[in-house]
There are 2 protein chains.
Amino acid sequence: MQTKQRLIVDMDGVLADVYSQFLKMEEEEFGIRQPRENLLGRPESEVFKHERKYVATKGFFRNAPVIDGAVAAIKELNDKYDLFIVSAAMEFPLSLPEKLEWLKEHFPFLTWHQFVFCGSKTIIKGDIMIDDHFKNLDYFTGKTYLFTQPHNYNQDNKHHTRVSSWEEILGILL
Amino acid sequence: MQTKQRLIVDMDGVLADVYSQFLKMEEEEFGIRQPRENLLGRPESEVFKHERKYVATKGFFRNAPVIDGAVAAIKELNDKYDLFIVSAAMEFPLSLPEKLEWLKEHFPFLTWHQFVFCGSKTIIKGDIMIDDHFKNLDYFTGKTYLFTQPHNYNQDNKHHTRVSSWEEILGILL
């Protein structure tokens, strides 16, 4: 029997569409929706002045939309790989139960054995990692895929393979 | 500069005295406190009939006493090692915020970057692991220490070094 490869999938910006939440909450607060061009290549903390307030708001993570194609893709990948969802959640205590409920709602075919909430991802071992942040991918010893999000748009990317949709990921990993 | 070794420390049964909580809640429910001899070498799920109800009860993790010597030992080890607290918490959603609050209260010198809550510990990489369960130690590729608890008392233990107190651990690791 061949052992399955271990696939590590990030949550915010890869499964959960946190930009939609930021834009929506900012519009509710200031009445203006930022155009997408403002967001490109700049950290979330820079483009959303109240970023930390929003992520600490009840419902921010619980009500985030799922990124297009993520559910169907994870369902397929879960059959072929030893799949884990690994999310940096420790900074915002409220996010812990919200993220767990969100995963259970949208990915009911996964089990709690497959979820990891951490502060730093440097402790995670596996064969393949999909993440939208260099700070996570740079420490990983396996194959790394950078999931395109506005903040990493046009960012230098020598070491990681850029992917821009779940359809593209399936084309590579299946 | 020499890189610090990464030390992975379990929570329940290593830092948090969950047996005290089980015995107390059982006594409150049935009016009888089990003698320690009943617990030796038998899984918690076998000796505490309502184990799953107790761990799902509000306050079970939040109010657990700290195991003797753990705070002072972790403080010292945190200086010498790249220390992480890794706890299986995903099965019981309520335990997530309770465990985080408990860690912040009793180990205020640690930061959220050092905490990991997971379902399975097979995903964790490091150099040294201290845990009271074979199911966690058996998958770890570094040096392993089995922390004595009633459930693992007299259990076969060929691959892991048994330790029975934080004083003993400090004697080895410092």
# chains A, B, ... in the order shown; residues from 1 in each chain; ligands from 1
$ select_by_dssp --residues "segment 42-130 of chain A" --states "alpha helix (DSSP H)" --output "count of residues only"
32
$ calpha_fit_and_write --fixed "chain A" --moving "chain B" --output "mmCIF file with C-alpha atoms, in the first residue's frame"
data_model
loop_
_atom_site.group_PDB
_atom_site.id
_atom_site.type_symbol
_atom_site.label_atom_id
_atom_site.label_comp_id
_atom_site.auth_asym_id
_atom_site.auth_seq_id
_atom_site.Cartn_x
_atom_site.Cartn_y
_atom_site.Cartn_z
ATOM 1 C CA MET B 1 0.009 -0.016 0.095
ATOM 2 C CA GLN B 2 1.319 3.347 -0.930
ATOM 3 C CA THR B 3 1.081 6.047 1.726
ATOM 4 C CA LYS B 4 -0.856 9.127 0.727
ATOM 5 C CA GLN B 5 1.005 12.403 0.478
ATOM 6 C CA ARG B 6 0.142 14.875 3.200
ATOM 7 C CA LEU B 7 -1.483 18.036 1.862
ATOM 8 C CA ILE B 8 -1.663 21.124 4.111
ATOM 9 C CA VAL B 9 -4.324 23.663 3.142
ATOM 10 C CA ASP B 10 -4.608 27.157 4.618
ATOM 11 C CA MET B 11 -7.995 28.615 5.538
ATOM 12 C CA ASP B 12 -8.148 32.434 5.301
ATOM 13 C CA GLY B 13 -7.552 33.577 1.730
ATOM 14 C CA VAL B 14 -7.488 30.014 0.401
ATOM 15 C CA LEU B 15 -10.773 28.468 1.571
ATOM 16 C CA ALA B 16 -12.417 31.466 3.274
ATOM 17 C CA ASP B 17 -12.944 34.694 1.363
ATOM 18 C CA VAL B 18 -11.851 37.169 4.037
ATOM 19 C CA TYR B 19 -11.492 40.047 1.558
ATOM 20 C CA SER B 20 -15.237 39.992 0.973
ATOM 21 C CA GLN B 21 -15.716 40.340 4.720
ATOM 22 C CA PHE B 22 -13.240 43.230 5.002
ATOM 23 C CA LEU B 23 -14.799 45.115 2.080
ATOM 24 C CA LYS B 24 -18.312 44.568 3.376
ATOM 25 C CA MET B 25 -17.551 45.664 6.944
ATOM 26 C CA GLU B 26 -15.618 48.687 5.747
ATOM 27 C CA GLU B 27 -18.505 49.697 3.501
ATOM 28 C CA GLU B 28 -20.905 49.309 6.423
ATOM 29 C CA GLU B 29 -18.671 51.524 8.570
ATOM 30 C CA PHE B 30 -17.653 54.232 6.074
ATOM 31 C CA GLY B 31 -20.184 53.919 3.266
ATOM 32 C CA ILE B 32 -17.469 53.441 0.647
ATOM 33 C CA ARG B 33 -16.348 50.224 -1.026
ATOM 34 C CA GLN B 34 -12.670 50.200 -1.921
ATOM 35 C CA PRO B 35 -11.952 49.377 -5.557
ATOM 36 C CA ARG B 36 -9.969 46.182 -6.079
ATOM 37 C CA GLU B 37 -6.999 48.114 -7.538
ATOM 38 C CA ASN B 38 -6.351 49.664 -4.116
ATOM 39 C CA LEU B 39 -5.732 46.242 -2.609
ATOM 40 C CA LEU B 40 -3.161 44.849 -4.995
ATOM 41 C CA GLY B 41 0.297 44.095 -3.665
ATOM 42 C CA ARG B 42 -0.377 45.690 -0.263
ATOM 43 C CA PRO B 43 -0.825 43.915 3.087
ATOM 44 C CA GLU B 44 -4.386 43.686 4.424
ATOM 45 C CA SER B 45 -3.316 45.629 7.523
ATOM 46 C CA GLU B 46 -2.353 48.547 5.273
ATOM 47 C CA VAL B 47 -5.398 48.680 3.020
ATOM 48 C CA PHE B 48 -8.018 48.037 5.715
ATOM 49 C CA LYS B 49 -7.440 50.646 8.435
ATOM 50 C CA HIS B 50 -9.645 48.780 10.912
ATOM 51 C CA GLU B 51 -8.481 45.283 9.963
ATOM 52 C CA ARG B 52 -7.815 44.215 13.543
ATOM 53 C CA LYS B 53 -11.180 45.459 14.733
ATOM 54 C CA TYR B 54 -12.965 43.564 11.951
ATOM 55 C CA VAL B 55 -11.254 40.205 12.549
ATOM 56 C CA ALA B 56 -12.059 40.525 16.259
ATOM 57 C CA THR B 57 -15.749 41.129 15.472
ATOM 58 C CA LYS B 58 -18.222 38.329 16.176
ATOM 59 C CA GLY B 59 -19.214 36.668 12.907
ATOM 60 C CA PHE B 60 -16.207 37.800 10.852
ATOM 61 C CA PHE B 61 -14.908 34.252 10.363
ATOM 62 C CA ARG B 62 -18.194 32.437 10.895
ATOM 63 C CA ASN B 63 -19.913 34.271 8.016
ATOM 64 C CA ALA B 64 -17.066 34.445 5.515
ATOM 65 C CA PRO B 65 -18.052 33.202 2.044
ATOM 66 C CA VAL B 66 -16.266 30.140 0.698
ATOM 67 C CA ILE B 67 -13.784 30.812 -2.108
ATOM 68 C CA ASP B 68 -15.059 29.669 -5.507
ATOM 69 C CA GLY B 69 -14.594 25.982 -6.164
ATOM 70 C CA ALA B 70 -13.020 25.217 -2.785
ATOM 71 C CA VAL B 71 -15.633 22.753 -1.502
ATOM 72 C CA ALA B 72 -15.686 20.533 -4.592
ATOM 73 C CA ALA B 73 -11.884 20.665 -4.869
ATOM 74 C CA ILE B 74 -11.264 19.751 -1.213
ATOM 75 C CA LYS B 75 -13.737 16.882 -1.544
ATOM 76 C CA GLU B 76 -11.741 15.435 -4.444
ATOM 77 C CA LEU B 77 -8.341 16.112 -2.882
ATOM 78 C CA ASN B 78 -9.466 14.558 0.395
ATOM 79 C CA ASP B 79 -9.779 11.207 -1.376
ATOM 80 C CA LYS B 80 -6.317 11.296 -2.884
ATOM 81 C CA TYR B 81 -4.328 13.013 -0.130
ATOM 82 C CA ASP B 82 -3.850 12.877 3.629
ATOM 83 C CA LEU B 83 -5.418 16.311 3.930
ATOM 84 C CA PHE B 84 -5.157 18.802 6.801
ATOM 85 C CA ILE B 85 -6.623 22.285 7.155
ATOM 86 C CA VAL B 86 -4.145 24.430 9.092
ATOM 87 C CA SER B 87 -5.168 27.904 10.170
ATOM 88 C CA ALA B 88 -3.449 30.637 12.151
ATOM 89 C CA ALA B 89 -6.208 31.318 14.646
ATOM 90 C CA MET B 90 -4.549 31.784 18.015
ATOM 91 C CA GLU B 91 -4.251 35.596 17.952
ATOM 92 C CA PHE B 92 -8.016 36.071 18.047
ATOM 93 C CA PRO B 93 -9.686 33.760 20.595
ATOM 94 C CA LEU B 94 -13.162 34.290 19.173
ATOM 95 C CA SER B 95 -11.989 32.947 15.830
ATOM 96 C CA LEU B 96 -11.354 29.473 17.275
ATOM 97 C CA PRO B 97 -14.960 28.260 17.695
ATOM 98 C CA GLU B 98 -16.086 30.303 14.661
ATOM 99 C CA LYS B 99 -13.525 28.681 12.390
ATOM 100 C CA LEU B 100 -14.384 25.215 13.663
ATOM 101 C CA GLU B 101 -18.111 25.786 13.060
ATOM 102 C CA TRP B 102 -17.388 27.212 9.608
ATOM 103 C CA LEU B 103 -15.330 24.166 8.631
ATOM 104 C CA LYS B 104 -18.007 21.778 9.892
ATOM 105 C CA GLU B 105 -20.713 23.615 7.950
ATOM 106 C CA HIS B 106 -18.952 23.957 4.605
ATOM 107 C CA PHE B 107 -16.738 20.849 4.645
ATOM 108 C CA PRO B 108 -18.900 18.253 6.426
ATOM 109 C CA PHE B 109 -16.969 15.396 4.769
ATOM 110 C CA LEU B 110 -13.818 16.331 6.715
ATOM 111 C CA THR B 111 -13.381 15.304 10.373
ATOM 112 C CA TRP B 112 -11.981 17.196 13.360
ATOM 113 C CA HIS B 113 -8.883 15.012 13.158
ATOM 114 C CA GLN B 114 -7.958 17.016 10.043
ATOM 115 C CA PHE B 115 -8.065 20.493 11.597
ATOM 116 C CA VAL B 116 -5.174 22.390 13.161
ATOM 117 C CA PHE B 117 -5.342 25.878 14.681
ATOM 118 C CA CYS B 118 -1.989 27.392 15.488
ATOM 119 C CA GLY B 119 -0.059 30.581 15.983
ATOM 120 C CA SER B 120 2.960 29.721 13.857
ATOM 121 C CA LYS B 121 2.960 27.210 10.985
ATOM 122 C CA THR B 122 6.686 26.513 11.321
ATOM 123 C CA ILE B 123 5.741 23.483 13.408
ATOM 124 C CA ILE B 124 3.740 21.763 10.647
ATOM 125 C CA LYS B 125 5.164 18.885 8.634
ATOM 126 C CA GLY B 126 3.792 17.592 5.362
ATOM 127 C CA ASP B 127 4.513 17.070 1.667
ATOM 128 C CA ILE B 128 2.540 19.876 0.009
ATOM 129 C CA MET B 129 1.353 23.246 1.339
ATOM 130 C CA ILE B 130 -1.156 25.652 -0.224
ATOM 131 C CA ASP B 131 -1.139 29.087 1.422
ATOM 132 C CA ASP B 132 -1.454 32.751 0.475
ATOM 133 C CA HIS B 133 1.339 33.977 2.772
ATOM 134 C CA PHE B 134 5.075 33.796 2.201
ATOM 135 C CA LYS B 135 5.632 33.723 5.978
ATOM 136 C CA ASN B 136 4.000 30.291 6.049
ATOM 137 C CA LEU B 137 5.336 28.827 2.808
ATOM 138 C CA ASP B 138 8.934 29.965 3.373
ATOM 139 C CA TYR B 139 9.379 27.643 6.387
ATOM 140 C CA PHE B 140 7.771 24.576 4.832
ATOM 141 C CA THR B 141 10.126 21.838 3.671
ATOM 142 C CA GLY B 142 7.780 20.254 1.087
ATOM 143 C CA LYS B 143 6.368 21.513 -2.210
ATOM 144 C CA THR B 144 4.726 24.948 -1.869
ATOM 145 C CA TYR B 145 1.894 26.662 -3.740
ATOM 146 C CA LEU B 146 1.183 30.367 -3.323
ATOM 147 C CA PHE B 147 -2.542 31.010 -3.661
ATOM 148 C CA THR B 148 -3.055 34.374 -5.352
ATOM 149 C CA GLN B 149 -4.767 36.964 -3.196
ATOM 150 C CA PRO B 150 -4.718 40.752 -3.569
ATOM 151 C CA HIS B 151 -2.004 41.170 -0.894
ATOM 152 C CA ASN B 152 0.469 38.879 -2.682
ATOM 153 C CA TYR B 153 -0.355 40.129 -6.181
ATOM 154 C CA ASN B 154 2.834 40.846 -8.129
ATOM 155 C CA GLN B 155 4.948 39.955 -5.099
ATOM 156 C CA ASP B 156 8.297 38.369 -5.775
ATOM 157 C CA ASN B 157 7.896 34.636 -5.848
ATOM 158 C CA LYS B 158 10.964 32.569 -6.673
ATOM 159 C CA HIS B 159 10.413 29.567 -4.465
ATOM 160 C CA HIS B 160 6.701 28.850 -4.621
ATOM 161 C CA THR B 161 4.442 27.852 -7.511
ATOM 162 C CA ARG B 162 1.706 30.441 -7.908
ATOM 163 C CA VAL B 163 -1.864 29.170 -8.304
ATOM 164 C CA SER B 164 -4.862 31.432 -8.803
ATOM 165 C CA SER B 165 -7.900 29.193 -8.508
ATOM 166 C CA TRP B 166 -9.008 25.838 -7.152
ATOM 167 C CA GLU B 167 -9.557 24.703 -10.737
ATOM 168 C CA GLU B 168 -5.883 25.342 -11.414
ATOM 169 C CA ILE B 169 -4.863 23.450 -8.264
ATOM 170 C CA LEU B 170 -6.931 20.414 -9.268
ATOM 171 C CA GLY B 171 -5.236 20.457 -12.684
ATOM 172 C CA ILE B 172 -1.884 20.125 -10.907
ATOM 173 C CA LEU B 173 -2.654 17.860 -7.952
ATOM 174 C CA LEU B 174 -5.100 15.342 -9.424
#
$ select_by_dssp --residues "chain A" --states "strand (DSSP E or B)" --output "PyMOL selection string"
chain A and resi 6-9+12+16+66+82-88+115-118+124+128-131+143-147+161-163
